[in-house]
>>> print(open('target14.pdb').read())   # PDB, C-alpha atoms
ATOM      1  CA  MET F 283     -17.080 -13.017 -66.833
ATOM      2  CA  THR F 284     -18.211 -15.842 -69.090
ATOM      3  CA  GLU F 285     -20.821 -18.081 -67.607
ATOM      4  CA  ALA F 286     -22.518 -21.301 -68.455
ATOM      5  CA  PHE F 287     -25.458 -20.260 -70.568
ATOM      6  CA  PRO F 288     -28.938 -21.624 -69.959
ATOM      7  CA  ILE F 289     -30.107 -23.389 -73.069
ATOM      8  CA  SER F 290     -33.715 -22.284 -73.137
ATOM      9  CA  TRP F 291     -35.956 -19.606 -71.715
ATOM     10  CA  GLU F 292     -37.733 -22.335 -69.762
ATOM     11  CA  GLU F 293     -34.465 -22.976 -67.965
ATOM     12  CA  VAL F 294     -34.113 -19.277 -67.273
ATOM     13  CA  ALA F 295     -37.643 -19.393 -65.889
ATOM     14  CA  ARG F 296     -36.762 -22.244 -63.561
ATOM     15  CA  SER F 297     -33.408 -20.905 -62.446
ATOM     16  CA  HIS F 298     -34.284 -17.198 -62.156
ATOM     17  CA  GLY F 299     -38.079 -16.846 -62.025
ATOM     18  CA  ARG F 300     -38.094 -16.624 -58.273
ATOM     19  CA  LYS F 301     -35.320 -14.020 -58.119
ATOM     20  CA  ILE F 302     -36.990 -11.904 -60.783
ATOM     21  CA  TYR F 303     -40.258 -12.142 -58.896
ATOM     22  CA  ASN F 304     -38.602 -11.058 -55.644
ATOM     23  CA  TYR F 305     -36.753  -8.221 -57.336
ATOM     24  CA  ALA F 306     -39.994  -6.890 -58.762
ATOM     25  CA  TYR F 307     -41.871  -7.416 -55.524
ATOM     26  CA  ARG F 308     -39.343  -5.456 -53.478
ATOM     27  CA  LEU F 309     -39.226  -2.687 -56.052
ATOM     28  CA  CYS F 310     -42.961  -2.223 -56.510
ATOM     29  CA  GLY F 311     -44.321  -3.819 -53.332
ATOM     30  CA  ASN F 312     -47.090  -5.479 -55.305
ATOM     31  CA  SER F 313     -47.408  -9.210 -55.941
ATOM     32  CA  HIS F 314     -49.676  -8.919 -58.972
ATOM     33  CA  ASP F 315     -47.377  -6.495 -60.770
ATOM     34  CA  ALA F 316     -44.413  -8.655 -59.795
ATOM     35  CA  ASN F 317     -46.099 -11.692 -61.332
ATOM     36  CA  ASP F 318     -46.787  -9.783 -64.529
ATOM     37  CA  LEU F 319     -43.185  -8.646 -64.654
ATOM     38  CA  VAL F 320     -41.827 -12.204 -64.477
ATOM     39  CA  GLN F 321     -43.939 -13.140 -67.488
ATOM     40  CA  GLU F 322     -42.892 -10.024 -69.397
ATOM     41  CA  VAL F 323     -39.214 -10.713 -68.649
ATOM     42  CA  LEU F 324     -39.552 -14.326 -69.783
ATOM     43  CA  LEU F 325     -41.117 -13.187 -73.050
ATOM     44  CA  ARG F 326     -38.246 -10.767 -73.597
ATOM     45  CA  VAL F 327     -35.691 -13.433 -72.715
ATOM     46  CA  ARG F 328     -37.358 -15.784 -75.171
ATOM     47  CA  GLY F 329     -37.134 -13.153 -77.879
ATOM     48  CA  GLY F 330     -33.577 -12.141 -77.017
ATOM     49  CA  LEU F 331     -31.840 -15.485 -76.485
ATOM     50  CA  ALA F 332     -30.831 -15.726 -80.135
ATOM     51  CA  ASP F 333     -28.945 -12.412 -79.892
ATOM     52  CA  TYR F 334     -27.263 -13.152 -76.578
ATOM     53  CA  GLN F 335     -23.485 -12.690 -76.681
ATOM     54  CA  PRO F 336     -21.469 -14.765 -74.214
ATOM     55  CA  GLY F 337     -20.536 -12.564 -71.298
ATOM     56  CA  SER F 338     -22.186 -11.901 -67.990
ATOM     57  CA  PHE F 339     -25.451 -13.791 -68.182
ATOM     58  CA  GLU F 340     -26.576 -12.259 -64.881
ATOM     59  CA  GLY F 341     -25.850  -8.762 -66.167
ATOM     60  CA  TRP F 342     -27.765  -9.478 -69.381
ATOM     61  CA  LEU F 343     -30.759 -10.972 -67.625
ATOM     62  CA  TRP F 344     -30.993  -8.247 -64.994
ATOM     63  CA  ARG F 345     -30.680  -5.571 -67.632
ATOM     64  CA  ILE F 346     -33.726  -7.072 -69.363
ATOM     65  CA  THR F 347     -35.517  -7.304 -66.022
ATOM     66  CA  ARG F 348     -34.686  -3.741 -65.075
ATOM     67  CA  ASN F 349     -35.778  -2.375 -68.465
ATOM     68  CA  ALA F 350     -39.019  -4.324 -68.332
ATOM     69  CA  PHE F 351     -39.688  -2.916 -64.888
ATOM     70  CA  LEU F 352     -38.949   0.669 -65.962
ATOM     71  CA  ASP F 353     -41.125   0.289 -69.071
ATOM     72  CA  ASP F 354     -43.919  -0.921 -66.854
ATOM     73  CA  VAL F 355     -43.512   2.012 -64.472
ATOM     74  CA  ARG F 356     -43.589   4.451 -67.394
ATOM     75  CA  ARG F 357     -46.585   2.733 -68.917
ATOM     76  CA  ARG F 358     -48.589   2.790 -65.741
ATOM     77  CA  ARG F 359     -47.592   6.392 -64.993
ATOM     78  CA  ARG F 360     -48.507   5.938 -61.439
ATOM     79  CA  ARG F 361     -46.562   5.638 -58.269
ATOM     80  CA  PRO F 362     -46.012   1.994 -57.323
ATOM     81  CA  THR F 363     -48.355   1.059 -54.542
ATOM     82  CA  VAL F 364     -47.585  -0.686 -51.311
ATOM     83  CA  SER F 365     -49.240  -4.029 -51.851
ATOM     84  CA  LEU F 366     -48.812  -5.395 -48.374
ATOM     85  CA  GLN F 367     -52.278  -4.021 -47.753
ATOM     86  CA  SER F 368     -53.874  -5.682 -50.744
ATOM     87  CA  ASP F 369     -51.994  -8.867 -49.942
ATOM     88  CA  SER F 370     -53.480  -8.900 -46.464
ATOM     89  CA  ASP F 371     -56.930  -8.577 -48.053
ATOM     90  CA  LEU F 372     -56.192 -11.692 -50.060
ATOM     91  CA  GLN F 373     -54.813 -13.454 -47.027
ATOM     92  CA  GLY F 374     -58.071 -12.805 -45.244
ATOM     93  CA  ARG F 375     -59.852 -14.882 -47.844
ATOM     94  CA  TYR F 376     -57.451 -17.781 -47.928
ATOM     95  CA  SER F 377     -56.158 -18.339 -44.431
ATOM     96  CA  ALA F 378     -56.747 -18.716 -40.758
ATOM     97  CA  PRO F 379     -55.302 -16.004 -38.452
ATOM     98  CA  SER F 380     -51.508 -16.001 -38.430
ATOM     99  CA  PRO F 381     -49.471 -16.696 -35.306
ATOM    100  CA  ASP F 382     -47.998 -13.672 -33.520
ATOM    101  CA  GLU F 383     -44.497 -14.448 -34.606
ATOM    102  CA  VAL F 384     -45.558 -14.502 -38.235
ATOM    103  CA  LEU F 385     -47.284 -11.158 -37.754
ATOM    104  CA  SER F 386     -44.270  -9.561 -36.175
ATOM    105  CA  SER F 387     -42.035 -10.831 -38.934
ATOM    106  CA  VAL F 388     -44.470  -9.415 -41.481
ATOM    107  CA  ARG F 389     -44.400  -6.019 -39.735
ATOM    108  CA  PHE F 390     -40.620  -6.132 -39.670
ATOM    109  CA  ASP F 391     -40.690  -6.777 -43.409
ATOM    110  CA  GLU F 392     -43.307  -4.088 -43.864
ATOM    111  CA  ASP F 393     -41.210  -1.372 -42.225
ATOM    112  CA  ILE F 394     -38.235  -1.983 -44.426
ATOM    113  CA  GLN F 395     -40.435  -2.492 -47.494
ATOM    114  CA  LYS F 396     -42.035   0.908 -46.945
ATOM    115  CA  ALA F 397     -38.656   2.521 -46.421
ATOM    116  CA  LEU F 398     -37.450   0.889 -49.649
ATOM    117  CA  LEU F 399     -40.413   2.252 -51.591
ATOM    118  CA  ASP F 400     -39.538   5.754 -50.358
ATOM    119  CA  LEU F 401     -36.035   5.555 -51.790
ATOM    120  CA  PRO F 402     -35.311   7.150 -55.150
ATOM    121  CA  LEU F 403     -35.575   4.422 -57.798
ATOM    122  CA  ASP F 404     -31.840   4.463 -58.651
ATOM    123  CA  PHE F 405     -30.926   3.726 -55.047
ATOM    124  CA  ARG F 406     -33.775   1.267 -54.537
ATOM    125  CA  GLU F 407     -32.844  -0.910 -57.499
ATOM    126  CA  ALA F 408     -29.141  -0.905 -56.569
ATOM    127  CA  VAL F 409     -29.841  -1.889 -52.953
ATOM    128  CA  VAL F 410     -32.352  -4.587 -53.936
ATOM    129  CA  MET F 411     -30.027  -6.057 -56.575
ATOM    130  CA  CYS F 412     -27.152  -6.112 -54.091
ATOM    131  CA  ASP F 413     -28.745  -7.038 -50.776
ATOM    132  CA  VAL F 414     -31.903  -8.921 -51.741
ATOM    133  CA  ILE F 415     -30.884 -10.650 -54.976
ATOM    134  CA  GLY F 416     -27.171 -10.918 -54.189
ATOM    135  CA  LEU F 417     -25.676  -9.594 -57.435
ATOM    136  CA  SER F 418     -22.066  -8.400 -57.586
ATOM    137  CA  TYR F 419     -21.270  -4.723 -58.218
ATOM    138  CA  GLU F 420     -20.125  -5.621 -61.713
ATOM    139  CA  GLU F 421     -23.358  -7.427 -62.533
ATOM    140  CA  ILE F 422     -25.383  -4.501 -61.213
ATOM    141  CA  ALA F 423     -23.295  -2.088 -63.295
ATOM    142  CA  ILE F 424     -24.123  -4.074 -66.445
ATOM    143  CA  ALA F 425     -27.774  -4.328 -65.487
ATOM    144  CA  VAL F 426     -28.277  -0.616 -64.851
ATOM    145  CA  GLY F 427     -25.855   0.554 -67.538
ATOM    146  CA  ALA F 428     -23.754   2.657 -65.143
ATOM    147  CA  PRO F 429     -20.101   2.549 -64.051
ATOM    148  CA  VAL F 430     -19.218   0.413 -61.012
ATOM    149  CA  GLY F 431     -18.280   3.625 -59.160
ATOM    150  CA  THR F 432     -21.835   4.905 -59.578
ATOM    151  CA  VAL F 433     -23.255   1.593 -58.434
ATOM    152  CA  ARG F 434     -21.213   1.499 -55.224
ATOM    153  CA  SER F 435     -22.201   5.060 -54.451
ATOM    154  CA  ARG F 436     -25.908   4.255 -54.969
ATOM    155  CA  ILE F 437     -25.731   1.161 -52.801
ATOM    156  CA  HIS F 438     -24.015   3.042 -50.005
ATOM    157  CA  ARG F 439     -26.295   6.078 -50.144
ATOM    158  CA  GLY F 440     -29.328   3.825 -50.391
ATOM    159  CA  ARG F 441     -28.313   1.950 -47.252
ATOM    160  CA  ARG F 442     -27.597   5.207 -45.428
ATOM    161  CA  LEU F 443     -31.010   6.626 -46.346
ATOM    162  CA  LEU F 444     -32.720   3.425 -45.226
ATOM    163  CA  ARG F 445     -30.846   3.556 -41.955
ATOM    164  CA  GLU F 446     -31.967   7.176 -41.374
ATOM    165  CA  ARG F 447     -35.590   6.340 -42.160
ATOM    166  CA  LEU F 448     -35.698   3.258 -39.988
ATOM    167  CA  SER F 449     -33.955   4.608 -36.914
TER     168      SER F 449
ATOM    169  CA  MET D1357      -5.891   7.636 -44.199
ATOM    170  CA  ILE D1358      -7.161  11.142 -43.468
ATOM    171  CA  GLY D1359     -10.614  11.819 -42.023
ATOM    172  CA  HIS D1360     -13.345   9.207 -41.826
ATOM    173  CA  LEU D1361     -14.432   6.507 -44.203
ATOM    174  CA  ASP D1362     -17.782   6.638 -45.981
ATOM    175  CA  GLU D1363     -18.563   4.752 -49.183
ATOM    176  CA  GLU D1364     -15.524   2.505 -48.689
ATOM    177  CA  LEU D1365     -17.305   0.962 -45.707
ATOM    178  CA  SER D1366     -20.116  -0.430 -47.848
ATOM    179  CA  VAL D1367     -17.654  -1.658 -50.445
ATOM    180  CA  TYR D1368     -15.538  -3.214 -47.682
ATOM    181  CA  LEU D1369     -18.591  -4.908 -46.229
ATOM    182  CA  ASP D1370     -19.539  -6.329 -49.626
ATOM    183  CA  GLY D1371     -16.039  -7.699 -50.158
ATOM    184  CA  GLU D1372     -15.672  -5.595 -53.291
ATOM    185  CA  LEU D1373     -12.468  -3.766 -52.307
ATOM    186  CA  LEU D1374      -9.109  -4.862 -53.653
ATOM    187  CA  ALA D1375      -7.048  -6.719 -51.054
ATOM    188  CA  ASP D1376      -4.718  -3.773 -50.595
ATOM    189  CA  GLU D1377      -7.566  -1.280 -50.075
ATOM    190  CA  ALA D1378      -9.300  -3.673 -47.709
ATOM    191  CA  ARG D1379      -6.160  -3.917 -45.576
ATOM    192  CA  LYS D1380      -6.057  -0.105 -45.310
ATOM    193  CA  VAL D1381      -9.687   0.011 -44.221
ATOM    194  CA  THR D1382      -9.083  -2.712 -41.625
ATOM    195  CA  ALA D1383      -6.138  -0.752 -40.268
ATOM    196  CA  HIS D1384      -8.171   2.467 -40.115
ATOM    197  CA  LEU D1385     -11.071   0.741 -38.359
ATOM    198  CA  ALA D1386      -8.717  -0.578 -35.688
ATOM    199  CA  GLY D1387      -8.013   2.974 -34.564
ATOM    200  CA  CYS D1388     -11.276   4.825 -35.312
ATOM    201  CA  ASP D1389     -14.377   4.419 -33.136
ATOM    202  CA  PHE D1390     -16.443   6.673 -35.387
ATOM    203  CA  CYS D1391     -15.871   4.529 -38.478
ATOM    204  CA  ARG D1392     -16.428   1.332 -36.503
ATOM    205  CA  ASP D1393     -19.826   2.701 -35.456
ATOM    206  CA  SER D1394     -20.630   3.648 -39.057
ATOM    207  CA  LEU D1395     -19.703   0.150 -40.163
ATOM    208  CA  GLY D1396     -21.903  -1.294 -37.419
ATOM    209  CA  GLU D1397     -24.879   0.712 -38.730
ATOM    210  CA  LEU D1398     -24.281  -0.511 -42.250
ATOM    211  CA  ILE D1399     -23.976  -4.100 -41.063
ATOM    212  CA  GLU D1400     -27.315  -3.741 -39.299
ATOM    213  CA  ILE D1401     -29.225  -2.297 -42.258
ATOM    214  CA  ARG D1402     -27.654  -4.795 -44.623
ATOM    215  CA  ALA D1403     -28.684  -7.642 -42.343
ATOM    216  CA  ARG D1404     -32.269  -6.338 -42.291
ATOM    217  CA  LEU D1405     -32.351  -6.184 -46.071
ATOM    218  CA  ARG D1406     -30.922  -9.681 -46.323
ATOM    219  CA  SER D1407     -33.469 -11.003 -43.876
ATOM    220  CA  LEU D1408     -36.368  -9.821 -46.039
ATOM    221  CA  GLN D1409     -38.490 -12.810 -46.775
ATOM    222  CA  MET D1410     -37.554 -14.343 -50.110
ATOM    223  CA  MET D1411     -41.022 -14.881 -51.576
ATOM    224  CA  ASP D1412     -41.746 -18.246 -53.011
ATOM    225  CA  TYR D1413     -42.329 -18.297 -56.717
ATOM    226  CA  VAL D1414     -42.558 -21.603 -58.453
ATOM    227  CA  TRP D1415     -42.524 -21.355 -62.177
ATOM    228  CA  GLN D1416     -45.024 -23.766 -63.644
ATOM    229  CA  PRO D1417     -44.285 -24.776 -67.232
ATOM    230  CA  SER D1418     -47.904 -25.674 -67.939
ATOM    231  CA  THR D1419     -49.114 -22.178 -66.966
ATOM    232  CA  HIS D1420     -46.651 -20.431 -69.249
ATOM    233  CA  ALA D1421     -46.838 -23.001 -72.015
ATOM    234  CA  ARG D1422     -50.505 -22.115 -72.271
ATOM    235  CA  VAL D1423     -49.889 -18.382 -72.135
ATOM    236  CA  ILE D1424     -47.264 -18.084 -74.811
ATOM    237  CA  PRO D1425     -48.380 -20.245 -77.758
ATOM    238  CA  LEU D1426     -51.817 -18.596 -77.790
ATOM    239  CA  ARG D1427     -50.781 -15.927 -80.303
ATOM    240  CA  ARG D1428     -49.495 -18.516 -82.699
ATOM    241  CA  ARG D1429     -52.630 -20.540 -82.202
ATOM    242  CA  ALA D1430     -54.803 -17.475 -82.849
ATOM    243  CA  ARG D1431     -53.262 -17.051 -86.319
ATOM    244  CA  VAL D1432     -53.824 -20.679 -87.177
ATOM    245  CA  VAL D1433     -57.385 -20.393 -85.987
ATOM    246  CA  ALA D1434     -58.028 -17.301 -88.128
ATOM    247  CA  GLY D1435     -56.908 -19.103 -91.289
ATOM    248  CA  THR D1436     -58.899 -22.204 -90.590
ATOM    249  CA  ALA D1437     -62.046 -20.305 -89.722
ATOM    250  CA  ALA D1438     -62.098 -18.689 -93.150
ATOM    251  CA  ALA D1439     -62.098 -22.145 -94.745
ATOM    252  CA  ALA D1440     -65.250 -23.548 -93.238
ATOM    253  CA  VAL D1441     -68.190 -22.183 -91.301
ATOM    254  CA  ALA D1442     -68.424 -25.471 -89.437
ATOM    255  CA  LEU D1443     -65.107 -24.669 -87.813
ATOM    256  CA  ILE D1444     -66.636 -21.794 -85.871
ATOM    257  CA  VAL D1445     -67.510 -24.305 -83.212
ATOM    258  CA  ALA D1446     -63.890 -25.419 -83.066
ATOM    259  CA  VAL D1447     -62.740 -21.776 -82.951
ATOM    260  CA  ALA D1448     -64.963 -21.164 -79.985
ATOM    261  CA  ALA D1449     -63.476 -24.232 -78.327
ATOM    262  CA  LEU D1450     -59.944 -23.000 -79.031
ATOM    263  CA  ALA D1451     -60.741 -19.503 -77.811
ATOM    264  CA  ALA D1452     -61.768 -20.900 -74.461
ATOM    265  CA  PRO D1453     -58.214 -21.327 -73.119
ATOM    266  CA  ARG D1454     -57.915 -17.516 -73.002
ATOM    267  CA  ASP D1455     -60.184 -17.537 -69.977
ATOM    268  CA  VAL D1456     -58.301 -20.456 -68.550
ATOM    269  CA  VAL D1457     -55.086 -18.455 -68.770
ATOM    270  CA  ALA D1458     -56.583 -15.482 -66.978
ATOM    271  CA  LEU D1459     -57.835 -17.735 -64.228
ATOM    272  CA  THR D1460     -54.568 -19.577 -63.993
ATOM    273  CA  GLN D1461     -52.585 -16.383 -63.538
ATOM    274  CA  GLY D1462     -54.977 -15.073 -60.941
ATOM    275  CA  ASP D1463     -55.027 -18.346 -59.073
ATOM    276  CA  PHE D1464     -51.295 -18.450 -59.267
ATOM    277  CA  SER D1465     -50.852 -15.228 -57.258
ATOM    278  CA  ALA D1466     -53.638 -16.189 -54.930
ATOM    279  CA  SER D1467     -52.172 -19.603 -54.235
ATOM    280  CA  PHE D1468     -48.809 -17.972 -53.721
ATOM    281  CA  VAL D1469     -50.249 -15.661 -51.090
ATOM    282  CA  ALA D1470     -52.119 -18.530 -49.485
ATOM    283  CA  ARG D1471     -49.025 -20.708 -49.332
ATOM    284  CA  GLN D1472     -47.033 -17.820 -47.969
ATOM    285  CA  THR D1473     -49.533 -17.418 -45.173
ATOM    286  CA  LEU D1474     -50.189 -21.046 -44.384
ATOM    287  CA  ASP D1475     -46.761 -22.555 -44.699
ATOM    288  CA  GLU D1476     -44.411 -21.676 -41.865
ATOM    289  CA  ASN D1477     -41.465 -22.736 -43.993
ATOM    290  CA  PHE D1478     -41.909 -19.659 -46.174
ATOM    291  CA  THR D1479     -41.188 -17.251 -43.341
ATOM    292  CA  GLY D1480     -37.435 -17.736 -43.685
ATOM    293  CA  ARG D1481     -35.275 -16.792 -46.577
ATOM    294  CA  VAL D1482     -34.915 -19.961 -48.552
ATOM    295  CA  ILE D1483     -32.055 -18.963 -50.801
ATOM    296  CA  PRO D1484     -29.353 -17.226 -48.747
ATOM    297  CA  PRO D1485     -27.506 -14.388 -50.523
ATOM    298  CA  ASP D1486     -24.188 -16.229 -50.502
ATOM    299  CA  VAL D1487     -25.780 -19.030 -52.480
ATOM    300  CA  LEU D1488     -27.162 -16.505 -54.958
ATOM    301  CA  SER D1489     -23.816 -14.821 -55.420
ATOM    302  CA  SER D1490     -22.035 -18.122 -55.792
ATOM    303  CA  ASP D1491     -24.493 -18.879 -58.629
ATOM    304  CA  SER D1492     -23.203 -15.906 -60.501
ATOM    305  CA  GLU D1493     -19.596 -16.840 -59.924
ATOM    306  CA  ALA D1494     -20.058 -20.290 -61.330
ATOM    307  CA  GLY D1495     -18.546 -21.060 -64.702
TER     308      GLY D1495
END
>>> encode(input="target14.pdb", output="structure tokens")
Amino acid sequence: MTEAFPISWEEVARSHGRKIYNYAYRLCGNSHDANDLVQEVLLRVRGGLADYQPGSFEGWLWRITRNAFLDDVRRRRRRPTVSLQSDSDLQGRYSAPSPDEVLSSVRFDEDIQKALLDLPLDFREAVVMCDVIGLSYEEIAIAVGAPVGTVRSRIHRGRRLLRERLS
Amino acid sequence: MIGHLDEELSVYLDGELLADEARKVTAHLAGCDFCRDSLGELIEIRARLRSLQMMDYVWQPSTHARVIPLRRRARVVAGTAAAAVALIVAVAALAAPRDVVALTQGDFSASFVARQTLDENFTGRVIPPDVLSSDSEAG
């Protein structure tokens, strides 16, 4: 699939920064690491734009994002932490108490976020790319460097595991 | 179709089956309670994933513009500093933005968390998945 290509990395930042941030946040559960990842991805995009071959831009970008994330995981050599706790510490400093409905929605998010973090990384990234970011199977296949058949299996097994853990 | 469906159900749900395969799955579902229940479970978990709050992240050109050119600036500064001792003052002035960057990044996450907490509008998913996928189909 050939797509309109963003001219500059700044445009990539504007059009995809938020998605990259959310991808990282759901994968690592930590807003600070997610922020760092967006900047790392943008640096890599900036360096790689010259070599980009027309094709699936989404696949290309998410491959960069995924590799940056994996490099970060390897570098840190620690299990990603659940940041919802540290985020609530920050919230304590910046905000008044939240309404009940906000709290319950946060808990709802928290349950599924914890279940996501318990998934094997292959399943977690496939499910997040598909259901949170909204990529197609083909784009995910390019991003993770696996056949579409593998991707569909990971998405399905990931969803099944989540279902088991949440029920 | 023999037995029950498994992986095909997810693929069916995601609209990634070929039309012919999708018709077969539809036909099977019409006569199989077990597979209809399985599909219902997948629909539920998928809906929960899709309802995860899409965190707000606003990319600010000024923040990043300051982060990235620093390396280039550092080289320029090194060359100039060798030329004149008087420039040390200027070097110190140029080095200052490093701290500014650190603060900006920290404030950025903090303000994000604060906005997330204070602004009710952030509780919903702002970009629905169908909009995201239609992005990728464009062009």
>>> resolve_selection(input="target14.pdb", expression="the PyMOL selection byres ((chain D and resi 1372-1379) around 12)", output="list in words")
Cys412, Leu417, Ser418, Tyr419, Glu420, Val430, Gly431, Val433 and Arg434 of chain F; Met1357, Leu1361, Glu1363, Glu1364, Leu1365, Ser1366, Val1367, Tyr1368, Leu1369, Asp1370, Gly1371, Lys1380, Val1381, Thr1382, Ala1383, His1384, Leu1385 and Ala1386 of chain D
>>> resolve_selection(input="target14.pdb", expression="the PyMOL selection byres ((chain F and resi 322-335) around 8)", output="PyMOL selection string")
chain F and resi 290-291+294-295+318-321+336-337+343+346-347+350
>>> write_last_selection(input="target14.pdb", atoms="C-alpha atoms", output="compact mmCIF listing (two decimals), in the coordinates of the input")
# COMPACT_ATOMS: atom_id res chain seq x y z
CA SER F 290 -33.72 -22.28 -73.14
CA TRP F 291 -35.96 -19.61 -71.72
CA VAL F 294 -34.11 -19.28 -67.27
CA ALA F 295 -37.64 -19.39 -65.89
CA ASP F 318 -46.79 -9.78 -64.53
CA LEU F 319 -43.18 -8.65 -64.65
CA VAL F 320 -41.83 -12.20 -64.48
CA GLN F 321 -43.94 -13.14 -67.49
CA PRO F 336 -21.47 -14.76 -74.21
CA GLY F 337 -20.54 -12.56 -71.30
CA LEU F 343 -30.76 -10.97 -67.62
CA ILE F 346 -33.73 -7.07 -69.36
CA THR F 347 -35.52 -7.30 -66.02
CA ALA F 350 -39.02 -4.32 -68.33
>>> atom_distance(input="target14.pdb", atom1="atom CA of Ala425 of chain F", atom2="atom CA of Asn312 of chain F")
21.9 Å
>>> atom_distance(input="target14.pdb", atom1="atom CA of Asp1393 of chain D", atom2="atom CA of Gln1409 of chain D")
26.8 Å
>>> residues_around(input="target14.pdb", residues="Leu1405 of chain D", least_positions_apart="2", cutoff="10 Å", atoms="only C-alpha atoms", output="list of chain:residue names")
F:Asp391, F:Ile394, F:Gln395, F:Leu398, F:Val409, F:Val410, F:Cys412, F:Asp413, F:Val414, F:Arg441, F:Leu444, D:Ile1399, D:Glu1400, D:Ile1401, D:Arg1402, D:Ala1403, D:Ser1407, D:Leu1408, D:Gln1409
>>> write_last_selection(input="target14.pdb", atoms="C-alpha atoms", output="short mmCIF file (atom, residue, chain, number, x, y, z; two decimals), in the frame of the given file")
data_model
loop_
_atom_site.label_atom_id
_atom_site.label_comp_id
_atom_site.auth_asym_id
_atom_site.auth_seq_id
_atom_site.Cartn_x
_atom_site.Cartn_y
_atom_site.Cartn_z
CA ASP F 391 -40.69 -6.78 -43.41
CA ILE F 394 -38.24 -1.98 -44.43
CA GLN F 395 -40.44 -2.49 -47.49
CA LEU F 398 -37.45 0.89 -49.65
CA VAL F 409 -29.84 -1.89 -52.95
CA VAL F 410 -32.35 -4.59 -53.94
CA CYS F 412 -27.15 -6.11 -54.09
CA ASP F 413 -28.74 -7.04 -50.78
CA VAL F 414 -31.90 -8.92 -51.74
CA ARG F 441 -28.31 1.95 -47.25
CA LEU F 444 -32.72 3.42 -45.23
CA ILE D 1399 -23.98 -4.10 -41.06
CA GLU D 1400 -27.32 -3.74 -39.30
CA ILE D 1401 -29.22 -2.30 -42.26
CA ARG D 1402 -27.65 -4.80 -44.62
CA ALA D 1403 -28.68 -7.64 -42.34
CA SER D 1407 -33.47 -11.00 -43.88
CA LEU D 1408 -36.37 -9.82 -46.04
CA GLN D 1409 -38.49 -12.81 -46.78
#
>>> atom_distance(input="target14.pdb", atom1="atom CA of Arg1392 of chain D", atom2="atom CA of His1360 of chain D")
10.0 Å
>>> closest_residue(input="target14.pdb", among="F:Ala428, F:Gly311, F:Ala408, F:Asn317", to="chain D", atoms="all atoms listed in the file")
F:Asn317
>>> closest_residue(input="target14.pdb", among="F:Ile424, F:Leu352, F:Leu403, F:Ile415", to="Met1410 of chain D", atoms="only C-alpha atoms")
F:Ile415
>>> resolve_selection(input="target14.pdb", expression="the PyMOL selection byres ((chain D and resi 1415) around 8)", output="list of chain:residue names")
F:Ala295, F:Arg296, F:Gly299, F:Arg300, D:Tyr1413, D:Val1414, D:Gln1416, D:Pro1417
>>> closest_residue(input="target14.pdb", among="F:Leu309, F:Trp344, F:Arg436, F:Gly416", to="chain D", atoms="only C-alpha atoms")
F:Gly416
>>> closest_residue(input="target14.pdb", among="F:Asp404, F:His314, F:Glu293, F:Glu446", to="chain D", atoms="only C-alpha atoms")
F:His314
>>> decode(input="target14.pdb", residues="segment 293-321 of chain F", atoms="C-alpha atoms", output="PDB file, in the first residue's frame")
ATOM      1  CA  GLU F 293       4.800  16.411  10.506  1.00  0.00           C
ATOM      2  CA  VAL F 294       5.249  12.852  11.696  1.00  0.00           C
ATOM      3  CA  ALA F 295       5.450  14.255  15.214  1.00  0.00           C
ATOM      4  CA  ARG F 296       2.186  16.122  14.783  1.00  0.00           C
ATOM      5  CA  SER F 297       0.306  13.356  13.024  1.00  0.00           C
ATOM      6  CA  HIS F 298       1.597  10.362  15.014  1.00  0.00           C
ATOM      7  CA  GLY F 299       3.130  11.627  18.268  1.00  0.00           C
ATOM      8  CA  ARG F 300      -0.009  10.924  20.212  1.00  0.00           C
ATOM      9  CA  LYS F 301      -0.427   7.399  18.834  1.00  0.00           C
ATOM     10  CA  ILE F 302       3.208   6.569  19.514  1.00  0.00           C
ATOM     11  CA  TYR F 303       2.834   7.902  23.032  1.00  0.00           C
ATOM     12  CA  ASN F 304      -0.275   5.789  23.635  1.00  0.00           C
ATOM     13  CA  TYR F 305       1.337   2.697  22.162  1.00  0.00           C
ATOM     14  CA  ALA F 306       4.294   3.064  24.492  1.00  0.00           C
ATOM     15  CA  TYR F 307       2.108   3.886  27.464  1.00  0.00           C
ATOM     16  CA  ARG F 308      -0.039   0.784  27.029  1.00  0.00           C
ATOM     17  CA  LEU F 309       3.007  -1.397  26.502  1.00  0.00           C
ATOM     18  CA  CYS F 310       5.055  -0.177  29.450  1.00  0.00           C
ATOM     19  CA  GLY F 311       2.369   1.394  31.644  1.00  0.00           C
ATOM     20  CA  ASN F 312       4.646   4.318  32.405  1.00  0.00           C
ATOM     21  CA  SER F 313       4.126   7.884  31.205  1.00  0.00           C
ATOM     22  CA  HIS F 314       7.732   8.992  31.629  1.00  0.00           C
ATOM     23  CA  ASP F 315       9.120   6.096  29.611  1.00  0.00           C
ATOM     24  CA  ALA F 316       6.397   6.650  27.027  1.00  0.00           C
ATOM     25  CA  ASN F 317       7.424  10.293  26.703  1.00  0.00           C
ATOM     26  CA  ASP F 318      11.053   9.307  26.258  1.00  0.00           C
ATOM     27  CA  LEU F 319      10.069   6.787  23.619  1.00  0.00           C
ATOM     28  CA  VAL F 320       8.231   9.380  21.515  1.00  0.00           C
ATOM     29  CA  GLN F 321      11.364  11.520  21.448  1.00  0.00           C
TER      30      GLN F 321
END
